[in-house]
file entry_21.txt (compact mmCIF, C-alpha atoms)
# COMPACT_ATOMS: atom_id res chain seq x y z
CA MET A 1 -194.90 3.55 -21.27
CA GLN A 2 -194.01 6.50 -19.06
CA ILE A 3 -190.92 8.14 -20.54
CA GLN A 4 -188.49 9.04 -17.77
CA ASN A 5 -185.03 9.07 -19.37
CA PHE A 6 -183.49 10.45 -22.55
CA GLU A 7 -182.60 6.91 -23.63
CA ASP A 8 -186.35 6.09 -23.76
CA LEU A 9 -186.82 8.70 -26.52
CA PRO A 10 -186.71 7.84 -30.25
CA LEU A 11 -183.50 9.78 -30.91
CA SER A 12 -180.65 9.13 -33.35
CA SER A 13 -177.35 7.83 -31.99
CA GLU A 14 -175.64 11.12 -32.98
CA VAL A 15 -178.06 13.26 -30.93
CA MET A 16 -177.94 10.76 -28.02
CA LYS A 17 -174.13 11.00 -28.03
CA GLY A 18 -174.35 14.79 -27.55
CA ILE A 19 -176.89 14.35 -24.72
CA GLU A 20 -174.77 11.68 -22.99
CA GLU A 21 -171.72 13.94 -23.19
CA LEU A 22 -173.70 16.57 -21.29
CA ARG A 23 -174.49 13.84 -18.71
CA PHE A 24 -178.21 14.33 -19.14
CA ASP A 25 -180.06 11.26 -17.93
CA SER A 26 -183.52 11.60 -16.39
CA LEU A 27 -186.00 14.01 -17.94
CA PHE A 28 -187.37 17.13 -16.28
CA PRO A 29 -191.22 17.37 -16.41
CA ILE A 30 -191.28 19.86 -19.32
CA GLN A 31 -188.91 17.59 -21.30
CA ALA A 32 -190.90 14.44 -20.53
CA GLN A 33 -194.09 16.08 -21.80
CA ALA A 34 -192.89 18.28 -24.70
CA ILE A 35 -190.23 16.29 -26.57
CA ILE A 36 -192.47 13.56 -28.06
CA PRO A 37 -195.17 15.92 -29.45
CA LEU A 38 -192.41 18.13 -30.90
CA LEU A 39 -190.70 15.09 -32.48
CA GLU A 40 -194.10 14.21 -34.00
CA GLY A 41 -194.27 17.67 -35.60
CA LYS A 42 -197.07 19.03 -33.41
CA ASP A 43 -197.34 22.64 -32.25
CA VAL A 44 -196.74 23.01 -28.49
CA ILE A 45 -197.48 25.65 -25.84
CA GLY A 46 -195.27 25.05 -22.80
CA GLN A 47 -195.53 26.88 -19.52
CA ALA A 48 -192.35 26.41 -17.50
CA GLN A 49 -190.01 28.54 -15.42
CA THR A 50 -186.52 29.41 -16.63
CA GLY A 51 -184.13 26.77 -15.27
CA THR A 52 -186.47 23.79 -15.62
CA GLY A 53 -184.74 22.32 -18.67
CA LYS A 54 -186.92 23.81 -21.40
CA THR A 55 -184.00 24.53 -23.77
CA ALA A 56 -183.52 20.77 -24.17
CA ALA A 57 -187.32 20.35 -24.42
CA PHE A 58 -187.33 22.27 -27.73
CA GLY A 59 -183.64 22.07 -28.72
CA VAL A 60 -183.37 18.27 -28.81
CA PRO A 61 -186.42 17.74 -31.12
CA MET A 62 -185.27 20.59 -33.38
CA THR A 63 -181.80 19.06 -33.68
CA GLU A 64 -183.32 15.62 -34.36
CA ARG A 65 -185.84 16.72 -37.01
CA LEU A 66 -183.75 18.92 -39.30
CA ASN A 67 -181.64 17.63 -42.18
CA PRO A 68 -177.93 18.52 -41.70
CA ARG A 69 -177.26 17.75 -45.40
CA ILE A 70 -179.41 20.74 -46.42
CA ASN A 71 -177.12 23.70 -45.84
CA SER A 72 -179.89 26.21 -45.03
CA VAL A 73 -181.67 27.62 -41.99
CA GLN A 74 -184.34 25.09 -40.95
CA GLY A 75 -184.85 26.06 -37.31
CA LEU A 76 -185.48 29.50 -35.79
CA VAL A 77 -185.53 30.32 -32.06
CA LEU A 78 -186.52 33.84 -30.94
CA GLU A 79 -185.19 35.08 -27.58
CA PRO A 80 -185.81 38.40 -25.76
CA THR A 81 -182.17 39.17 -24.87
CA ARG A 82 -178.71 38.72 -26.35
CA GLU A 83 -177.57 36.83 -23.22
CA LEU A 84 -180.32 34.25 -23.70
CA ALA A 85 -179.64 34.00 -27.44
CA ILE A 86 -175.97 33.19 -26.73
CA GLN A 87 -176.77 30.64 -23.99
CA VAL A 88 -179.52 28.83 -25.90
CA ALA A 89 -177.43 28.66 -29.09
CA GLU A 90 -174.56 27.19 -27.08
CA HIS A 91 -176.83 24.53 -25.52
CA ILE A 92 -178.42 23.51 -28.83
CA SER A 93 -175.03 23.30 -30.56
CA ARG A 94 -173.96 20.81 -27.88
CA PHE A 95 -177.04 18.62 -28.47
CA GLY A 96 -176.29 18.70 -32.21
CA LYS A 97 -172.50 18.38 -31.97
CA TYR A 98 -172.27 14.84 -33.43
CA ALA A 99 -175.25 15.30 -35.76
CA LYS A 100 -173.15 18.04 -37.44
CA VAL A 101 -175.83 20.66 -36.80
CA LYS A 102 -174.56 24.25 -37.11
CA VAL A 103 -176.12 26.82 -34.77
CA ALA A 104 -175.60 30.60 -34.86
CA PRO A 105 -176.61 33.21 -32.26
CA ILE A 106 -177.75 36.43 -33.97
CA TYR A 107 -178.15 39.53 -31.77
CA GLY A 108 -177.58 43.27 -31.65
CA GLY A 109 -174.54 44.91 -30.08
CA GLU A 110 -172.12 42.78 -32.12
CA PRO A 111 -170.69 43.73 -35.56
CA ILE A 112 -173.18 42.59 -38.20
CA GLN A 113 -170.45 41.71 -40.74
CA LYS A 114 -169.20 38.92 -38.50
CA GLN A 115 -172.74 37.46 -38.38
CA ILE A 116 -173.13 37.82 -42.14
CA ARG A 117 -169.96 35.74 -42.65
CA THR A 118 -171.32 33.06 -40.29
CA LEU A 119 -174.68 32.95 -42.12
CA ASN A 120 -172.96 32.81 -45.52
CA GLY A 121 -170.96 29.82 -44.31
CA GLY A 122 -174.18 27.83 -43.84
CA VAL A 123 -176.24 27.50 -40.65
CA HIS A 124 -179.04 25.06 -39.73
CA ILE A 125 -180.46 26.80 -36.64
CA VAL A 126 -180.56 30.53 -35.90
CA VAL A 127 -181.14 31.66 -32.30
CA GLY A 128 -181.68 35.39 -32.21
CA THR A 129 -183.24 38.55 -30.87
CA PRO A 130 -186.09 39.98 -32.97
CA GLY A 131 -184.47 43.32 -33.86
CA ARG A 132 -181.28 41.84 -35.28
CA ILE A 133 -183.18 39.05 -37.08
CA ILE A 134 -185.25 41.72 -38.87
CA ASP A 135 -182.06 43.64 -39.71
CA HIS A 136 -180.68 40.55 -41.48
CA LEU A 137 -184.00 39.89 -43.26
CA GLU A 138 -184.06 43.45 -44.61
CA ARG A 139 -180.44 43.18 -45.79
CA GLY A 140 -181.17 39.85 -47.47
CA THR A 141 -178.45 38.14 -45.42
CA LEU A 142 -180.91 35.74 -43.73
CA ASN A 143 -183.32 33.54 -45.67
CA LEU A 144 -186.12 31.81 -43.73
CA ALA A 145 -187.80 30.14 -46.75
CA LEU A 146 -186.81 26.61 -45.65
CA VAL A 147 -187.58 27.00 -41.93
CA ARG A 148 -189.57 24.02 -40.66
CA MET A 149 -189.54 24.76 -36.92
CA VAL A 150 -189.98 28.02 -35.00
CA VAL A 151 -189.68 28.46 -31.21
CA LEU A 152 -190.84 31.58 -29.37
CA ASP A 153 -188.92 31.30 -26.10
CA GLU A 154 -189.68 33.43 -23.02
CA ALA A 155 -192.71 34.72 -24.95
CA ASP A 156 -194.10 36.73 -22.02
CA ARG A 157 -190.84 38.67 -21.76
CA MET A 158 -190.67 39.33 -25.51
CA LEU A 159 -194.16 40.82 -25.35
CA ASP A 160 -193.28 42.84 -22.21
CA MET A 161 -190.31 44.28 -24.10
CA GLY A 162 -192.50 45.42 -27.01
CA PHE A 163 -191.50 42.82 -29.61
CA ARG A 164 -195.07 41.98 -30.76
CA ASP A 165 -194.76 43.75 -34.15
CA ASP A 166 -191.29 42.27 -34.69
CA ILE A 167 -192.62 38.75 -34.06
CA ASP A 168 -195.43 39.37 -36.57
CA CYS A 169 -192.91 40.63 -39.13
CA ILE A 170 -190.56 37.64 -38.69
CA LEU A 171 -193.29 34.98 -38.75
CA SER A 172 -194.70 36.48 -41.97
CA ARG A 173 -191.38 35.51 -43.62
CA VAL A 174 -191.49 31.85 -42.50
CA PRO A 175 -193.41 29.12 -44.40
CA ALA A 176 -197.02 28.72 -43.21
CA ASN A 177 -196.69 24.93 -42.87
CA ARG A 178 -193.96 25.17 -40.23
CA GLN A 179 -194.12 23.75 -36.71
CA THR A 180 -194.46 26.46 -34.05
CA SER A 181 -193.82 26.09 -30.33
CA LEU A 182 -194.01 28.70 -27.61
CA PHE A 183 -192.53 28.60 -24.11
CA SER A 184 -193.35 31.09 -21.38
CA ALA A 185 -193.14 31.35 -17.59
CA THR A 186 -196.59 32.95 -17.56
CA ILE A 187 -199.42 32.35 -20.01
CA ASP A 188 -201.63 35.44 -20.07
CA GLN A 189 -204.06 36.79 -22.66
CA GLN A 190 -201.29 38.52 -24.65
CA VAL A 191 -199.42 35.22 -24.97
CA MET A 192 -202.62 33.31 -25.86
CA ASN A 193 -203.36 35.86 -28.63
CA ILE A 194 -200.01 34.94 -30.26
CA CYS A 195 -200.87 31.23 -29.88
CA HIS A 196 -204.30 31.61 -31.52
CA ARG A 197 -202.77 33.57 -34.38
CA TYR A 198 -199.82 31.35 -35.24
CA MET A 199 -200.45 27.82 -33.96
CA ARG A 200 -202.53 24.89 -35.19
CA ASN A 201 -204.23 22.71 -32.51
CA PRO A 202 -201.30 23.11 -30.13
CA GLU A 203 -200.67 20.68 -27.29
CA LYS A 204 -200.79 22.60 -24.02
CA ILE A 205 -198.21 21.62 -21.41
CA PHE A 206 -198.60 23.50 -18.14
CA VAL A 207 -195.83 22.21 -15.91
CA SER A 208 -195.85 25.02 -13.38
CA LYS A 209 -199.46 26.23 -13.31
CA ASP A 210 -200.01 25.20 -9.67
CA GLU A 211 -196.73 26.46 -8.31
CA ILE A 212 -195.05 29.71 -9.19
CA ALA A 213 -191.82 29.24 -7.22
CA LEU A 214 -189.52 26.29 -7.76
CA THR A 215 -189.74 24.00 -4.74
CA GLN A 216 -185.98 23.44 -4.50
CA ILE A 217 -185.40 27.08 -3.51
CA ASN A 218 -185.20 27.67 0.25
CA GLN A 219 -186.87 31.06 0.78
CA TYR A 220 -186.30 33.33 3.78
CA TYR A 221 -187.15 36.90 4.74
CA LYS A 222 -186.24 39.37 7.47
CA VAL A 223 -188.20 42.50 8.39
CA VAL A 224 -185.68 45.29 9.00
CA ASN A 225 -185.36 48.99 9.64
CA PRO A 226 -184.28 50.39 6.21
CA LYS A 227 -181.34 52.17 7.91
CA ASP A 228 -180.01 48.79 9.10
CA LYS A 229 -180.24 47.00 5.73
CA PHE A 230 -176.58 47.33 4.78
CA GLY A 231 -175.28 46.03 8.12
CA ILE A 232 -177.72 43.10 8.05
CA LEU A 233 -176.69 42.29 4.47
CA CYS A 234 -173.03 42.15 5.56
CA ASN A 235 -173.97 39.83 8.45
CA ILE A 236 -175.82 37.52 6.03
CA LEU A 237 -172.81 37.44 3.68
CA GLU A 238 -170.50 36.60 6.59
CA GLU A 239 -172.67 33.95 8.23
CA ASN A 240 -173.81 32.03 5.14
CA HIS A 241 -170.39 31.38 3.52
CA ILE A 242 -171.87 32.49 0.19
CA GLY A 243 -170.13 31.13 -2.91
CA ARG A 244 -171.76 33.15 -5.68
CA ALA A 245 -174.76 35.46 -5.24
CA ILE A 246 -176.83 38.07 -7.04
CA ILE A 247 -178.04 40.97 -4.89
CA PHE A 248 -181.06 42.72 -6.42
CA CYS A 249 -181.82 46.45 -6.11
CA LYS A 250 -184.64 48.52 -7.62
CA THR A 251 -182.62 51.33 -9.21
CA ARG A 252 -179.36 51.84 -11.12
CA ALA A 253 -178.16 54.42 -8.59
CA GLU A 254 -178.74 52.10 -5.64
CA THR A 255 -177.05 49.22 -7.49
CA SER A 256 -173.86 51.26 -8.00
CA MET A 257 -173.92 52.69 -4.48
CA LEU A 258 -174.41 49.28 -2.81
CA ALA A 259 -171.63 47.66 -4.89
CA ASP A 260 -169.27 50.51 -3.88
CA ARG A 261 -170.14 50.13 -0.17
CA LEU A 262 -169.55 46.36 -0.38
CA LYS A 263 -166.18 46.86 -2.11
CA THR A 264 -165.17 49.34 0.61
CA ARG A 265 -165.97 46.62 3.15
CA GLY A 266 -163.65 44.22 1.28
CA TYR A 267 -166.26 42.22 -0.63
CA ASP A 268 -165.70 41.10 -4.23
CA ALA A 269 -168.71 42.91 -5.75
CA LYS A 270 -169.57 44.69 -9.01
CA PRO A 271 -172.75 46.46 -10.17
CA LEU A 272 -174.68 45.50 -13.32
CA HIS A 273 -177.42 47.69 -14.79
CA ALA A 274 -178.67 49.05 -18.11
CA GLY A 275 -176.42 52.13 -17.83
CA PHE A 276 -173.38 50.07 -18.81
CA THR A 277 -172.34 49.60 -22.44
CA GLN A 278 -172.83 46.12 -23.89
CA PRO A 279 -169.07 45.25 -23.79
CA GLN A 280 -168.96 46.34 -20.11
CA ARG A 281 -172.00 44.16 -19.31
CA ASP A 282 -170.47 41.19 -21.16
CA PHE A 283 -167.20 41.56 -19.24
CA ILE A 284 -168.95 41.64 -15.84
CA ILE A 285 -171.27 38.73 -16.68
CA ASN A 286 -168.37 36.60 -17.97
CA SER A 287 -166.32 37.34 -14.84
CA PHE A 288 -169.28 36.25 -12.71
CA ARG A 289 -169.96 33.17 -14.86
CA LYS A 290 -166.32 32.03 -14.61
CA GLY A 291 -166.24 32.50 -10.82
CA LYS A 292 -163.80 35.42 -10.95
CA LEU A 293 -166.46 37.62 -9.31
CA LYS A 294 -168.35 36.57 -6.19
CA LEU A 295 -171.16 39.11 -5.81
CA LEU A 296 -173.20 40.69 -8.61
CA VAL A 297 -175.35 43.68 -7.56
CA ALA A 298 -177.99 44.01 -10.27
CA THR A 299 -181.25 45.56 -11.40
CA ASP A 300 -184.08 43.38 -12.70
CA VAL A 301 -183.78 44.50 -16.32
CA VAL A 302 -180.27 43.13 -16.86
CA ALA A 303 -180.61 40.01 -14.73
CA ARG A 304 -183.81 38.54 -16.15
CA GLY A 305 -182.02 36.69 -18.92
CA LEU A 306 -179.06 35.44 -16.88
CA ASP A 307 -178.68 31.67 -16.84
CA ILE A 308 -175.55 30.92 -14.79
CA ASP A 309 -174.80 27.70 -12.96
CA GLY A 310 -173.53 27.72 -9.40
CA ILE A 311 -175.45 30.72 -8.02
CA THR A 312 -176.02 29.61 -4.42
CA HIS A 313 -177.90 32.67 -3.14
CA ILE A 314 -180.26 35.38 -4.34
CA ILE A 315 -180.58 38.34 -1.97
CA ASN A 316 -183.40 40.83 -2.49
CA TYR A 317 -182.00 44.04 -1.00
CA ASP A 318 -185.29 45.64 -2.08
CA VAL A 319 -188.70 44.00 -2.38
CA PRO A 320 -189.82 44.33 -6.04
CA LEU A 321 -192.99 46.34 -6.69
CA ASP A 322 -194.34 43.63 -9.01
CA ALA A 323 -194.79 40.30 -7.21
CA LEU A 324 -194.00 38.24 -10.34
CA VAL A 325 -190.57 39.92 -10.57
CA TYR A 326 -189.73 38.21 -7.26
CA PHE A 327 -190.15 34.79 -8.88
CA HIS A 328 -188.06 35.80 -11.91
CA ARG A 329 -185.34 36.96 -9.51
CA ILE A 330 -185.19 33.87 -7.31
CA GLY A 331 -185.28 31.63 -10.40
CA ARG A 332 -181.64 32.63 -11.01
CA THR A 333 -180.66 30.07 -8.34
CA ALA A 334 -181.57 26.36 -8.01
CA ARG A 335 -180.84 25.71 -11.70
CA MET A 336 -181.26 22.27 -13.24
CA GLY A 337 -182.48 20.51 -10.10
CA ARG A 338 -179.92 21.90 -7.65
CA GLU A 339 -180.91 23.63 -4.43
CA GLY A 340 -180.58 27.34 -3.84
CA THR A 341 -181.40 29.97 -1.23
CA ALA A 342 -183.31 33.25 -1.59
CA ILE A 343 -183.24 35.87 1.20
CA THR A 344 -185.39 39.01 1.12
CA LEU A 345 -184.75 42.06 3.30
CA VAL A 346 -188.16 43.65 3.91
CA GLY A 347 -188.06 47.29 4.98
CA TYR A 348 -190.97 48.52 7.12
CA GLY A 349 -192.42 50.33 4.11
CA GLU A 350 -192.25 47.21 1.89
CA LEU A 351 -194.53 44.88 3.87
CA THR A 352 -197.53 45.36 1.54
CA GLU A 353 -195.51 44.33 -1.53
CA PHE A 354 -193.99 41.39 0.36
CA ASN A 355 -197.39 40.12 1.52
CA GLY A 356 -198.51 40.22 -2.14
CA ILE A 357 -195.61 37.87 -3.00
CA ARG A 358 -196.49 35.48 -0.17
CA ALA A 359 -200.09 35.33 -1.37
CA LEU A 360 -198.93 34.14 -4.80
CA THR A 361 -196.90 31.11 -3.75
CA LYS A 362 -197.69 27.83 -2.02
CA THR A 363 -194.10 27.37 -0.85
CA THR A 364 -193.30 28.78 2.56
CA ILE A 365 -191.08 31.82 2.99
CA GLU A 366 -189.57 31.40 6.45
CA GLU A 367 -188.62 34.25 8.73
CA LEU A 368 -184.88 34.43 9.46
CA GLU A 369 -183.86 34.39 13.11

call {"tool": "encode", "arguments": {"input": "entry_21.txt", "output": "structure tokens"}}
result
Amino acid sequence: MQIQNFEDLPLSSEVMKGIEELRFDSLFPIQAQAIIPLLEGKDVIGQAQTGTGKTAAFGVPMTERLNPRINSVQGLVLEPTRELAIQVAEHISRFGKYAKVKVAPIYGGEPIQKQIRTLNGGVHIVVGTPGRIIDHLERGTLNLALVRMVVLDEADRMLDMGFRDDIDCILSRVPANRQTSLFSATIDQQVMNICHRYMRNPEKIFVSKDEIALTQINQYYKVVNPKDKFGILCNILEENHIGRAIIFCKTRAETSMLADRLKTRGYDAKPLHAGFTQPQRDFIINSFRKGKLKLLVATDVVARGLDIDGITHIINYDVPLDALVYFHRIGRTARMGREGTAITLVGYGELTEFNGIRALTKTTIEELE
């Protein structure tokens, strides 16, 4: 039988109640292919873009398989950024709401004492960033001896950010007979090396191997004189009745300058880049998430982990130097099956980079009138 809906899965009534409350019904491809092997205890390698429902693909089986009566950490999810750790923990806690599963996000930039109190109170699933997880392990405030399931989420990004040694350190503290799953937008040799080292006969699920960009994103571009970019951006903002958008720039300086120019023109815009303190970044992201801020002008580093519903447009003010960054950027829109629009302003000097992006995708990028 082809499994198409959550109700077709062998899940407890408590977990199903949490899923129904979220109004999840039909399964996304990664969920349809990954949930059963994970429920059966198999190791899984899943290739899927952010925004294709992979948190439920690993979070639902984890919630189903652990024992809420054992008041110890049984599930561990590693994430590259604090924003992702918070989001994923929130999602999993909603799946496990009626199964009485306790989930804690553990990340740097927040007082460690608060996290220690949470861990002491008893937690079933920890979702965390590698550095802070290691901090707790060294302090003896986190015990992974009863962990049965480990998920390495956004594995390509964790490796890009230099977390390889941290992953090795953490997995050496988890029982050898655990279940391990790994999810990644790209599966390269670095990622496969981790799989060979830590997984046993994993099932390979490649949902997106034939198509890098999500098909529900309408992609457009416009070749422009770099001097005219700002005026053309303002025209696009006026003409498209944009609800909520992220505008991407290459550098911190340009991000701040563009946000200032937009504010001067009367637009509701704020910059976001790695030069801000963590509390400042949290404040801006929360304002944007709650709809109090319309335009976020951001660099790639800070926006890669953002998972915010209701982003209608992505505007590439600059063409990224690395073609794959383009797909990470535009994946911020069209979340969970909804449509979205991506518009790229291509300066005369950026045509080579832009043609590299077009060569990588089978979806068409239409020229704007």

call {"tool": "closest_residue", "arguments": {"input": "entry_21.txt", "among": "A:Leu76, A:Ile19, A:Leu351, A:Val346", "to": "Arg148 (chain A)", "atoms": "all atoms listed in the file"}}
result
A:Leu76

call {"tool": "residues_near_point", "arguments": {"input": "entry_21.txt", "point": "(-183.1, 25.4, -35.0)", "cutoff": "7 Å", "atoms": "only C-alpha atoms", "output": "PyMOL selection string"}}
result
chain A and resi 62-63+74-77+124-126+149

call {"tool": "closest_residue", "arguments": {"input": "entry_21.txt", "among": "A:Asp318, A:Glu339, A:Asp282, A:Asp43", "to": "Lys250 (chain A)", "atoms": "all atoms listed in the file"}}
result
A:Asp318

call {"tool": "residues_around", "arguments": {"input": "entry_21.txt", "residues": "Glu40 (chain A)", "least_positions_apart": "2", "cutoff": "10 Å", "atoms": "all atoms listed in the file", "output": "PyMOL selection string"}}
result
chain A and resi 35-38+42-43+61+65+179

call {"tool": "atom_distance", "arguments": {"input": "entry_21.txt", "atom1": "CA of Leu9 (chain A)", "atom2": "CA of Lys204 (chain A)"}}
result
19.9 Å

call {"tool": "residues_around", "arguments": {"input": "entry_21.txt", "residues": "Glu79 (chain A)", "least_positions_apart": "5", "cutoff": "8 Å", "atoms": "all atoms listed in the file", "output": "PDB file with C-alpha atoms, keeping the file's coordinate frame"}}
result
ATOM      1  CA  LEU A  84    -180.320  34.250 -23.700  1.00  0.00           C
ATOM      2  CA  ALA A  85    -179.640  34.000 -27.440  1.00  0.00           C
ATOM      3  CA  VAL A 127    -181.140  31.660 -32.300  1.00  0.00           C
ATOM      4  CA  GLY A 128    -181.680  35.390 -32.210  1.00  0.00           C
ATOM      5  CA  THR A 129    -183.240  38.550 -30.870  1.00  0.00           C
ATOM      6  CA  PRO A 130    -186.090  39.980 -32.970  1.00  0.00           C
ATOM      7  CA  LEU A 152    -190.840  31.580 -29.370  1.00  0.00           C
ATOM      8  CA  ASP A 153    -188.920  31.300 -26.100  1.00  0.00           C
ATOM      9  CA  GLU A 154    -189.680  33.430 -23.020  1.00  0.00           C
ATOM     10  CA  ALA A 155    -192.710  34.720 -24.950  1.00  0.00           C
ATOM     11  CA  MET A 158    -190.670  39.330 -25.510  1.00  0.00           C
TER      12      MET A 158
END
